[in-house]
file coords35.cif (mmCIF, C-alpha atoms and all ligand atoms)
data_target
loop_
_atom_site.label_atom_id
_atom_site.label_comp_id
_atom_site.auth_asym_id
_atom_site.auth_seq_id
_atom_site.Cartn_x
_atom_site.Cartn_y
_atom_site.Cartn_z
CA MET A 1 -19.40 17.56 2.38
CA GLU A 2 -17.09 20.26 3.77
CA TYR A 3 -13.93 18.23 3.18
CA GLN A 4 -11.49 21.16 3.19
CA THR A 5 -12.86 22.47 6.50
CA ILE A 6 -12.54 18.98 8.00
CA LEU A 7 -8.99 18.53 6.66
CA ASN A 8 -8.02 21.95 8.06
CA GLN A 9 -9.38 20.91 11.43
CA ILE A 10 -7.38 17.66 11.34
CA GLU A 11 -4.20 19.57 10.44
CA ASN A 12 -4.77 22.02 13.32
CA GLU A 13 -5.54 19.29 15.82
CA PHE A 14 -2.34 17.40 15.08
CA LYS A 15 0.25 19.81 13.72
CA ASP A 16 1.78 20.71 17.09
CA SER A 17 1.17 17.37 18.77
CA LYS A 18 4.15 15.39 19.90
CA VAL A 19 4.06 12.40 17.58
CA SER A 20 4.73 9.09 19.21
CA GLY A 21 6.44 6.41 17.19
CA LYS A 22 9.72 5.94 15.37
CA VAL A 23 10.77 6.46 11.76
CA ALA A 24 11.65 3.07 10.19
CA SER A 25 15.39 2.51 10.42
CA TYR A 26 15.84 -1.11 9.28
CA ILE A 27 15.97 0.29 5.73
CA PRO A 28 18.84 2.78 6.24
CA GLU A 29 17.61 5.28 3.63
CA LEU A 30 14.19 5.61 5.34
CA ALA A 31 15.84 6.67 8.61
CA LYS A 32 16.96 9.90 6.90
CA VAL A 33 13.39 11.17 6.31
CA PRO A 34 12.41 14.06 8.66
CA ALA A 35 9.95 12.85 11.30
CA ASP A 36 7.81 15.99 11.17
CA LYS A 37 6.56 15.57 7.60
CA PHE A 38 2.76 15.54 7.60
CA GLY A 39 0.36 15.76 4.68
CA MET A 40 -3.00 14.48 3.54
CA HIS A 41 -4.86 14.43 0.24
CA LEU A 42 -8.48 13.42 -0.31
CA TYR A 43 -9.90 12.85 -3.79
CA ASP A 44 -13.68 12.70 -3.93
CA LEU A 45 -15.46 11.21 -6.94
CA ASN A 46 -17.81 14.18 -7.26
CA GLU A 47 -16.13 17.03 -5.43
CA GLY A 48 -12.49 16.69 -6.50
CA HIS A 49 -9.27 17.38 -4.56
CA PHE A 50 -8.69 18.54 -0.95
CA ASN A 51 -5.40 18.57 0.94
CA PHE A 52 -3.05 20.03 3.52
CA GLY A 53 0.62 20.02 4.49
CA ASP A 54 3.26 17.99 2.67
CA SER A 55 0.72 16.32 0.40
CA ASN A 56 2.69 17.01 -2.80
CA GLU A 57 6.03 15.67 -1.58
CA ARG A 58 7.04 12.22 -2.78
CA PHE A 59 8.01 9.56 -0.24
CA SER A 60 8.79 5.86 -0.28
CA ILE A 61 5.46 4.06 -0.57
CA GLN A 62 6.91 0.69 0.56
CA SER A 63 4.10 -1.82 1.22
CA ILE A 64 1.41 0.35 -0.32
CA SER A 65 2.96 -0.91 -3.58
CA LYS A 66 1.65 -4.39 -2.73
CA VAL A 67 -1.83 -3.23 -3.76
CA PHE A 68 -0.55 -2.26 -7.22
CA SER A 69 1.41 -5.48 -7.76
CA LEU A 70 -1.57 -7.54 -6.58
CA ALA A 71 -3.92 -5.70 -8.97
CA LEU A 72 -1.54 -6.33 -11.87
CA ALA A 73 -1.13 -10.03 -10.98
CA MET A 74 -4.92 -10.45 -10.74
CA LYS A 75 -5.24 -8.90 -14.19
CA VAL A 76 -2.66 -11.16 -15.81
CA ILE A 77 -3.21 -14.57 -14.19
CA GLY A 78 -6.71 -14.27 -12.72
CA ASP A 79 -7.89 -16.85 -10.19
CA ASP A 80 -4.78 -19.05 -10.57
CA LEU A 81 -3.16 -16.61 -8.14
CA TRP A 82 -5.23 -18.02 -5.28
CA ASN A 83 -3.57 -21.44 -5.62
CA ARG A 84 -0.35 -19.81 -4.46
CA VAL A 85 -1.46 -17.24 -1.90
CA ASP A 86 -4.37 -17.34 0.56
CA VAL A 87 -6.82 -14.56 1.50
CA GLU A 88 -6.90 -14.86 5.29
CA PRO A 89 -5.73 -12.24 7.83
CA SER A 90 -2.46 -13.34 9.37
CA GLY A 91 -2.51 -11.65 12.77
CA ASP A 92 1.30 -11.70 12.41
CA PRO A 93 3.84 -8.93 11.78
CA PHE A 94 4.43 -7.99 8.12
CA ASN A 95 7.73 -9.86 7.84
CA SER A 96 6.84 -12.99 9.80
CA LEU A 97 8.06 -16.40 8.66
CA SER A 98 6.21 -18.43 11.24
CA SER A 99 2.99 -19.58 9.54
CA LEU A 100 4.79 -20.65 6.35
CA GLU A 101 6.13 -23.83 7.91
CA ASN A 102 2.72 -25.19 8.93
CA GLU A 103 1.01 -23.95 5.79
CA GLY A 104 3.34 -25.54 3.25
CA GLY A 105 4.91 -22.32 1.95
CA ILE A 106 1.53 -20.76 1.03
CA PRO A 107 1.42 -17.22 2.49
CA ARG A 108 -1.69 -16.22 4.44
CA ASN A 109 -2.45 -13.21 2.21
CA PRO A 110 -0.89 -11.01 -0.51
CA PHE A 111 -0.09 -8.10 1.85
CA ILE A 112 2.30 -9.75 4.27
CA ASN A 113 5.80 -9.79 2.81
CA ALA A 114 5.66 -13.53 2.02
CA GLY A 115 2.48 -13.04 -0.01
CA ALA A 116 3.81 -9.98 -1.82
CA LEU A 117 6.95 -11.94 -2.72
CA VAL A 118 4.82 -14.69 -4.32
CA VAL A 119 2.93 -11.97 -6.24
CA ALA A 120 6.32 -10.56 -7.31
CA ASP A 121 7.32 -14.04 -8.53
CA VAL A 122 4.12 -14.23 -10.60
CA LEU A 123 4.96 -10.91 -12.28
CA VAL A 124 8.59 -11.89 -12.85
CA SER A 125 7.35 -15.08 -14.60
CA TYR A 126 4.75 -13.27 -16.68
CA PHE A 127 6.61 -10.20 -17.92
CA THR A 128 9.92 -10.01 -19.77
CA ASN A 129 10.54 -6.71 -17.99
CA PRO A 130 8.38 -6.76 -14.83
CA LYS A 131 9.75 -3.49 -13.42
CA ALA A 132 8.80 -1.65 -16.62
CA ALA A 133 5.38 -3.38 -16.64
CA LEU A 134 4.57 -2.21 -13.11
CA LEU A 135 5.60 1.35 -13.96
CA THR A 136 3.46 1.30 -17.11
CA PHE A 137 0.50 0.11 -15.03
CA LEU A 138 1.02 2.93 -12.53
CA HIS A 139 1.40 5.54 -15.25
CA GLU A 140 -1.87 4.30 -16.74
CA ILE A 141 -3.85 4.53 -13.51
CA THR A 142 -2.42 7.85 -12.36
CA GLY A 143 -2.03 9.49 -15.77
CA ASP A 144 1.40 10.60 -14.52
CA PRO A 145 4.41 9.28 -16.49
CA SER A 146 6.94 10.75 -14.03
CA ILE A 147 6.32 8.19 -11.24
CA CYS A 148 9.45 6.08 -10.85
CA TYR A 149 11.55 3.87 -8.61
CA ASP A 150 14.03 5.33 -6.14
CA GLU A 151 17.19 3.35 -6.88
CA THR A 152 18.90 4.54 -3.68
CA VAL A 153 16.05 3.23 -1.52
CA ALA A 154 15.92 -0.07 -3.45
CA ALA A 155 19.68 -0.58 -2.96
CA SER A 156 19.40 0.40 0.69
CA GLU A 157 16.70 -2.20 1.31
CA ARG A 158 18.66 -4.86 -0.57
CA SER A 159 21.71 -4.20 1.63
CA GLU A 160 19.74 -5.14 4.76
CA GLY A 161 17.09 -7.40 3.24
CA TYR A 162 17.96 -10.57 5.14
CA ARG A 163 14.41 -11.41 6.18
CA ASN A 164 13.03 -11.04 2.68
CA TYR A 165 15.88 -13.24 1.38
CA ALA A 166 14.91 -15.79 4.03
CA LEU A 167 11.22 -15.65 3.06
CA VAL A 168 11.87 -16.19 -0.66
CA ASN A 169 14.36 -18.98 -0.08
CA TYR A 170 12.01 -20.68 2.35
CA MET A 171 9.06 -20.53 -0.03
CA LYS A 172 11.27 -21.74 -2.88
CA SER A 173 12.05 -24.83 -0.80
CA PHE A 174 8.28 -25.55 -0.84
CA GLY A 175 8.10 -25.00 -4.63
CA ASN A 176 6.11 -21.75 -4.32
CA ILE A 177 8.73 -19.55 -6.03
CA GLU A 178 9.40 -20.23 -9.73
CA ASN A 179 12.18 -17.77 -10.47
CA ASP A 180 15.68 -17.05 -9.34
CA VAL A 181 15.57 -15.66 -5.78
CA ASP A 182 17.61 -12.57 -6.76
CA ASP A 183 15.27 -11.71 -9.63
CA VAL A 184 12.20 -11.88 -7.38
CA LEU A 185 13.86 -9.74 -4.71
CA ASP A 186 15.16 -7.21 -7.22
CA PHE A 187 11.58 -6.68 -8.41
CA TYR A 188 10.22 -6.57 -4.85
CA PHE A 189 12.80 -4.07 -3.57
CA HIS A 190 12.06 -1.85 -6.56
CA GLN A 191 8.28 -1.94 -6.12
CA CYS A 192 8.74 -0.96 -2.45
CA SER A 193 11.02 1.93 -3.47
CA LEU A 194 8.34 3.61 -5.62
CA ALA A 195 8.22 7.30 -4.72
CA MET A 196 4.78 8.94 -4.75
CA SER A 197 3.06 11.84 -3.02
CA CYS A 198 -0.24 11.72 -1.13
CA LYS A 199 -1.86 13.38 -4.13
CA GLU A 200 -0.49 10.77 -6.53
CA LEU A 201 -1.54 7.92 -4.23
CA ALA A 202 -5.07 9.29 -3.88
CA GLN A 203 -5.17 9.64 -7.68
CA ALA A 204 -4.08 5.99 -8.12
CA PHE A 205 -6.46 4.62 -5.48
CA ILE A 206 -9.52 6.41 -6.86
CA VAL A 207 -9.78 3.34 -9.12
CA PHE A 208 -10.67 1.28 -6.03
CA ALA A 209 -13.37 3.79 -5.05
CA ASN A 210 -14.74 3.90 -8.59
CA GLU A 211 -15.37 0.20 -9.32
CA GLY A 212 -12.12 -0.21 -11.25
CA THR A 213 -12.33 2.77 -13.62
CA THR A 214 -10.04 5.81 -13.64
CA LEU A 215 -11.88 9.04 -13.03
CA GLU A 216 -10.34 11.50 -15.46
CA SER A 217 -9.58 9.23 -18.43
CA GLU A 218 -12.48 6.82 -17.69
CA ARG A 219 -10.41 3.73 -18.46
CA GLU A 220 -11.58 0.42 -17.05
CA ILE A 221 -8.50 -0.93 -15.29
CA LEU A 222 -10.08 -3.66 -13.15
CA SER A 223 -13.49 -5.33 -13.02
CA ALA A 224 -15.91 -4.49 -10.21
CA GLN A 225 -15.39 -8.02 -8.84
CA GLN A 226 -11.59 -7.57 -8.76
CA VAL A 227 -12.00 -4.26 -6.94
CA LYS A 228 -14.39 -5.85 -4.44
CA ARG A 229 -11.76 -8.49 -3.69
CA ILE A 230 -8.85 -6.05 -3.39
CA ASN A 231 -10.86 -3.77 -1.07
CA ALA A 232 -11.84 -6.80 1.03
CA LEU A 233 -8.18 -7.79 1.33
CA MET A 234 -7.21 -4.23 2.31
CA GLN A 235 -9.92 -4.28 4.97
CA THR A 236 -8.90 -7.62 6.49
CA CYS A 237 -5.13 -7.70 5.85
CA GLY A 238 -3.92 -4.18 4.97
CA PHE A 239 -2.42 -3.44 8.39
CA TYR A 240 -0.96 -6.83 9.31
CA ASP A 241 -1.53 -7.55 13.00
CA GLU A 242 -3.24 -4.18 13.35
CA ALA A 243 -5.94 -4.75 10.70
CA GLY A 244 -8.60 -5.11 13.40
CA GLU A 245 -7.51 -1.87 15.09
CA PHE A 246 -7.59 0.06 11.80
CA SER A 247 -11.11 -1.25 11.05
CA PHE A 248 -12.17 -0.40 14.58
CA GLU A 249 -10.77 3.14 14.55
CA VAL A 250 -11.17 4.17 10.90
CA GLY A 251 -13.65 1.78 9.31
CA LEU A 252 -12.30 1.89 5.74
CA PRO A 253 -10.26 -0.52 3.59
CA GLY A 254 -6.68 0.70 3.48
CA LYS A 255 -3.00 -0.11 3.15
CA SER A 256 0.01 1.15 5.05
CA GLY A 257 3.73 1.25 4.29
CA VAL A 258 6.78 1.59 6.53
CA GLY A 259 7.62 4.87 4.75
CA GLY A 260 4.80 6.32 6.89
CA GLY A 261 2.12 6.44 4.21
CA ILE A 262 -1.43 5.13 4.53
CA VAL A 263 -4.02 5.04 1.77
CA ALA A 264 -7.69 4.35 2.45
CA VAL A 265 -10.71 4.05 0.21
CA HIS A 266 -14.37 4.85 0.79
CA PRO A 267 -15.98 2.90 -2.07
CA ASP A 268 -18.23 5.08 -4.25
CA HIS A 269 -17.02 8.20 -2.41
CA TYR A 270 -13.30 8.95 -2.15
CA SER A 271 -9.70 7.83 -1.81
CA VAL A 272 -7.45 9.45 0.77
CA ALA A 273 -3.71 9.31 1.45
CA VAL A 274 -1.87 10.53 4.53
CA TRP A 275 1.87 10.67 5.28
CA SER A 276 3.67 10.95 8.60
CA PRO A 277 6.90 8.91 8.95
CA PRO A 278 6.96 7.90 12.66
CA LEU A 279 5.56 4.37 13.02
CA ASN A 280 3.78 2.73 15.92
CA PRO A 281 5.10 -0.60 17.25
CA LYS A 282 3.12 -2.53 14.60
CA GLY A 283 4.85 -0.65 11.77
CA ASN A 284 1.97 1.64 10.78
CA SER A 285 2.06 5.47 10.74
CA ALA A 286 0.92 6.57 14.21
CA LEU A 287 -0.27 10.03 13.19
CA GLY A 288 -1.65 8.72 9.88
CA MET A 289 -3.98 6.35 11.69
CA ALA A 290 -5.08 9.05 14.12
CA ALA A 291 -5.75 11.52 11.28
CA LEU A 292 -7.88 8.97 9.39
CA GLU A 293 -9.82 8.19 12.54
CA ARG A 294 -10.64 11.89 12.78
CA LEU A 295 -11.65 11.98 9.11
CA THR A 296 -14.28 9.25 9.39
CA THR A 297 -15.46 10.59 12.76
CA LEU A 298 -15.76 14.21 11.59
CA THR A 299 -17.44 13.30 8.29
CA GLY A 300 -19.69 10.83 10.10
CA TYR A 301 -19.14 8.25 7.36
CA SER A 302 -17.20 5.03 7.02
CA ILE A 303 -18.20 1.77 5.37
CA PHE A 304 -19.81 0.65 8.63
N1 LIG B 401 9.97 -3.06 1.94
C1 LIG B 401 9.46 -3.30 3.27
C2 LIG B 401 9.89 -4.69 3.73
O1 LIG B 401 9.82 -5.61 2.96
C3 LIG B 401 7.99 -3.17 3.25
C4 LIG B 401 7.33 -3.31 4.60
C5 LIG B 401 6.16 -2.40 4.79
O2 LIG B 401 6.06 -1.33 4.21
O3 LIG B 401 5.29 -2.77 5.61
O4 LIG B 401 10.31 -4.85 4.82
#
call {"tool": "encode", "arguments": {"input": "coords35.cif", "output": "structure tokens"}}
result
Amino acid sequence: MEYQTILNQIENEFKDSKVSGKVASYIPELAKVPADKFGMHLYDLNEGHFNFGDSNERFSIQSISKVFSLALAMKVIGDDLWNRVDVEPSGDPFNSLSSLENEGGIPRNPFINAGALVVADVLVSYFTNPKAALLTFLHEITGDPSICYDETVAASERSEGYRNYALVNYMKSFGNIENDVDDVLDFYFHQCSLAMSCKELAQAFIVFANEGTTLESEREILSAQQVKRINALMQTCGFYDEAGEFSFEVGLPGKSGVGGGIVAVHPDHYSVAVWSPPLNPKGNSALGMAALERLTTLTGYSIF
């Protein structure tokens, strides 16, 4: 596959286009990121690395981190996790509180904020130092010990994190949060602040294209069944109330973040990460989605 030619074409098609959308501003630190950043990195199991633009620059991965925390929670507590969080698409915005009341404090899935906060609670219960444990996990899957939290972004999100405080408190009232609310949120704000580049994200997500095993070090991180489940959740829930649209346009499992990153996986083929900060009204990178649509159209392959 001529991946570099296709990536060059995508860069040319979009580099001068007027990007619609708005850089996230409800986390003050994110509003400072230049809107014209644009990069993409594809990592193919057989053919290696391809990229363009700002693909080596680190940015705030935000909700993409929910895939890592979910994978770690599945490793440490197994199927018990599903007693506390469901696996159904929500059709609601990422930070919605509405379905929790009718569903007894059980979040619809692990990728809406409510679900990710329950996953965070699981990790806070399990590990003495959950922030260090998540970093160790990431260092293991990427082989890169320099990946770290951005304390400024974490503090910035905490300063305006009223909705996430509301979600944790509300779920605690139903008995679905075990730990102190501040401890859960401290972990959650840190996981969202993780700074990674498109290259590093593609490197981390190759595990989900490779049945749970890292490519370079050949370490089995997750079982094939766990990977099947995580990819299924990315497909059905990775883009909140735009999961259908992403499937329709791109046709790959993926996960977005309000920092403007999107990662997608073509199982048994490649992982790909794209970054463009302006978001569409549903909170997903507008240009990122368009670029991935071009990728699966120009290659002629998706999972469908
Ligand atoms: N830290 C963000 C929040 O909780 C993550 C949202 C996202 O990336 O979709 O609001």
call {"tool": "residues_near_ligand", "arguments": {"input": "coords35.cif", "ligand": "ligand LIG 401 (chain B)", "cutoff": "6 Å", "atoms": "all atoms listed in the file", "output": "compact mmCIF listing (two decimals) with C-alpha atoms, in the frame of the given file"}}
result
# COMPACT_ATOMS: atom_id res chain seq x y z
CA GLN A 62 6.91 0.69 0.56
CA SER A 63 4.10 -1.82 1.22
CA PHE A 94 4.43 -7.99 8.12
CA ASN A 113 5.80 -9.79 2.81
CA CYS A 192 8.74 -0.96 -2.45
CA GLY A 257 3.73 1.25 4.29
CA VAL A 258 6.78 1.59 6.53
call {"tool": "closest_residue", "arguments": {"input": "coords35.cif", "among": "A:Gln191, A:Asn210, A:Val118, A:Asp241", "to": "Asn169 in chain A", "atoms": "all atoms listed in the file"}}
result
A:Val118
call {"tool": "closest_residue", "arguments": {"input": "coords35.cif", "among": "A:Gly105, A:Pro130, A:Gly244, A:Gly254", "to": "Pro89 in chain A", "atoms": "all atoms listed in the file"}}
result
A:Gly244
call {"tool": "atom_distance", "arguments": {"input": "coords35.cif", "atom1": "CA of Gly212 in chain A", "atom2": "CA of Val67 in chain A"}}
result
13.1 Å
call {"tool": "atom_distance", "arguments": {"input": "coords35.cif", "atom1": "CA of Asn83 in chain A", "atom2": "CA of Gly175 in chain A"}}
result
12.2 Å
call {"tool": "atom_distance", "arguments": {"input": "coords35.cif", "atom1": "CA of Lys22 in chain A", "atom2": "CA of Gly260 in chain A"}}
result
9.8 Å
call {"tool": "build_atoms", "arguments": {"input": "coords35.cif", "residues": "range 171-182 of chain A", "atoms": "all heavy atoms", "output": "compact mmCIF listing (two decimals), in the coordinates of the input"}}
result
# COMPACT_ATOMS: atom_id res chain seq x y z
N MET A 171 10.20 -20.17 0.83
CA MET A 171 9.06 -20.53 -0.03
C MET A 171 9.52 -21.29 -1.27
O MET A 171 8.82 -22.17 -1.77
CB MET A 171 8.27 -19.27 -0.42
CG MET A 171 7.53 -18.67 0.77
SD MET A 171 6.38 -17.39 0.29
CE MET A 171 7.51 -16.09 -0.19
N LYS A 172 10.74 -20.98 -1.73
CA LYS A 172 11.27 -21.74 -2.88
C LYS A 172 11.48 -23.20 -2.49
O LYS A 172 11.25 -24.11 -3.29
CB LYS A 172 12.57 -21.10 -3.40
CG LYS A 172 12.92 -21.58 -4.81
CD LYS A 172 13.96 -20.70 -5.46
CE LYS A 172 14.44 -21.28 -6.80
NZ LYS A 172 13.49 -21.13 -7.90
N SER A 173 11.84 -23.44 -1.24
CA SER A 173 12.05 -24.83 -0.80
C SER A 173 10.74 -25.61 -0.82
O SER A 173 10.74 -26.82 -0.92
CB SER A 173 12.70 -24.86 0.58
OG SER A 173 11.74 -24.58 1.59
N PHE A 174 9.60 -24.89 -0.76
CA PHE A 174 8.28 -25.55 -0.84
C PHE A 174 7.77 -25.58 -2.29
O PHE A 174 6.66 -26.04 -2.55
CB PHE A 174 7.25 -24.79 0.00
CG PHE A 174 7.38 -24.99 1.48
CD1 PHE A 174 7.97 -24.03 2.28
CD2 PHE A 174 6.88 -26.14 2.08
CE1 PHE A 174 8.07 -24.21 3.65
CE2 PHE A 174 6.96 -26.33 3.45
CZ PHE A 174 7.57 -25.35 4.25
N GLY A 175 8.53 -25.02 -3.21
CA GLY A 175 8.10 -25.00 -4.63
C GLY A 175 7.15 -23.86 -4.95
O GLY A 175 6.52 -23.88 -6.01
N ASN A 176 7.04 -22.85 -4.05
CA ASN A 176 6.11 -21.75 -4.32
C ASN A 176 6.79 -20.49 -4.87
O ASN A 176 6.20 -19.43 -4.88
CB ASN A 176 5.27 -21.43 -3.07
CG ASN A 176 3.99 -20.66 -3.41
OD1 ASN A 176 3.59 -20.62 -4.58
ND2 ASN A 176 3.38 -20.04 -2.42
N ILE A 177 8.04 -20.63 -5.31
CA ILE A 177 8.73 -19.55 -6.03
C ILE A 177 9.32 -20.18 -7.28
O ILE A 177 10.08 -21.16 -7.19
CB ILE A 177 9.85 -18.91 -5.15
CG1 ILE A 177 9.26 -18.17 -3.95
CG2 ILE A 177 10.74 -17.98 -5.99
CD1 ILE A 177 8.50 -16.87 -4.21
N GLU A 178 8.96 -19.61 -8.46
CA GLU A 178 9.40 -20.23 -9.73
C GLU A 178 10.75 -19.69 -10.20
O GLU A 178 11.50 -20.38 -10.86
CB GLU A 178 8.38 -19.91 -10.84
CG GLU A 178 7.04 -20.58 -10.64
CD GLU A 178 5.98 -20.09 -11.63
OE1 GLU A 178 6.24 -19.12 -12.39
OE2 GLU A 178 4.88 -20.68 -11.63
N ASN A 179 11.03 -18.44 -9.87
CA ASN A 179 12.18 -17.77 -10.47
C ASN A 179 13.39 -17.76 -9.55
O ASN A 179 13.31 -18.16 -8.38
CB ASN A 179 11.79 -16.33 -10.83
CG ASN A 179 10.72 -16.32 -11.89
OD1 ASN A 179 10.99 -16.54 -13.06
ND2 ASN A 179 9.47 -16.11 -11.47
N ASP A 180 14.47 -17.26 -10.11
CA ASP A 180 15.68 -17.05 -9.34
C ASP A 180 15.36 -16.09 -8.17
O ASP A 180 14.70 -15.06 -8.36
CB ASP A 180 16.72 -16.44 -10.29
CG ASP A 180 18.06 -16.36 -9.65
OD1 ASP A 180 18.74 -17.38 -9.63
OD2 ASP A 180 18.41 -15.26 -9.14
N VAL A 181 15.84 -16.44 -6.99
CA VAL A 181 15.57 -15.66 -5.78
C VAL A 181 15.97 -14.18 -5.97
O VAL A 181 15.24 -13.26 -5.58
CB VAL A 181 16.33 -16.31 -4.60
CG1 VAL A 181 16.43 -15.39 -3.41
CG2 VAL A 181 15.68 -17.63 -4.23
N ASP A 182 17.13 -13.95 -6.60
CA ASP A 182 17.61 -12.57 -6.76
C ASP A 182 16.70 -11.76 -7.70
O ASP A 182 16.51 -10.56 -7.50
CB ASP A 182 19.05 -12.55 -7.29
CG ASP A 182 20.01 -12.96 -6.19
OD1 ASP A 182 19.86 -12.48 -5.06
OD2 ASP A 182 20.90 -13.80 -6.46
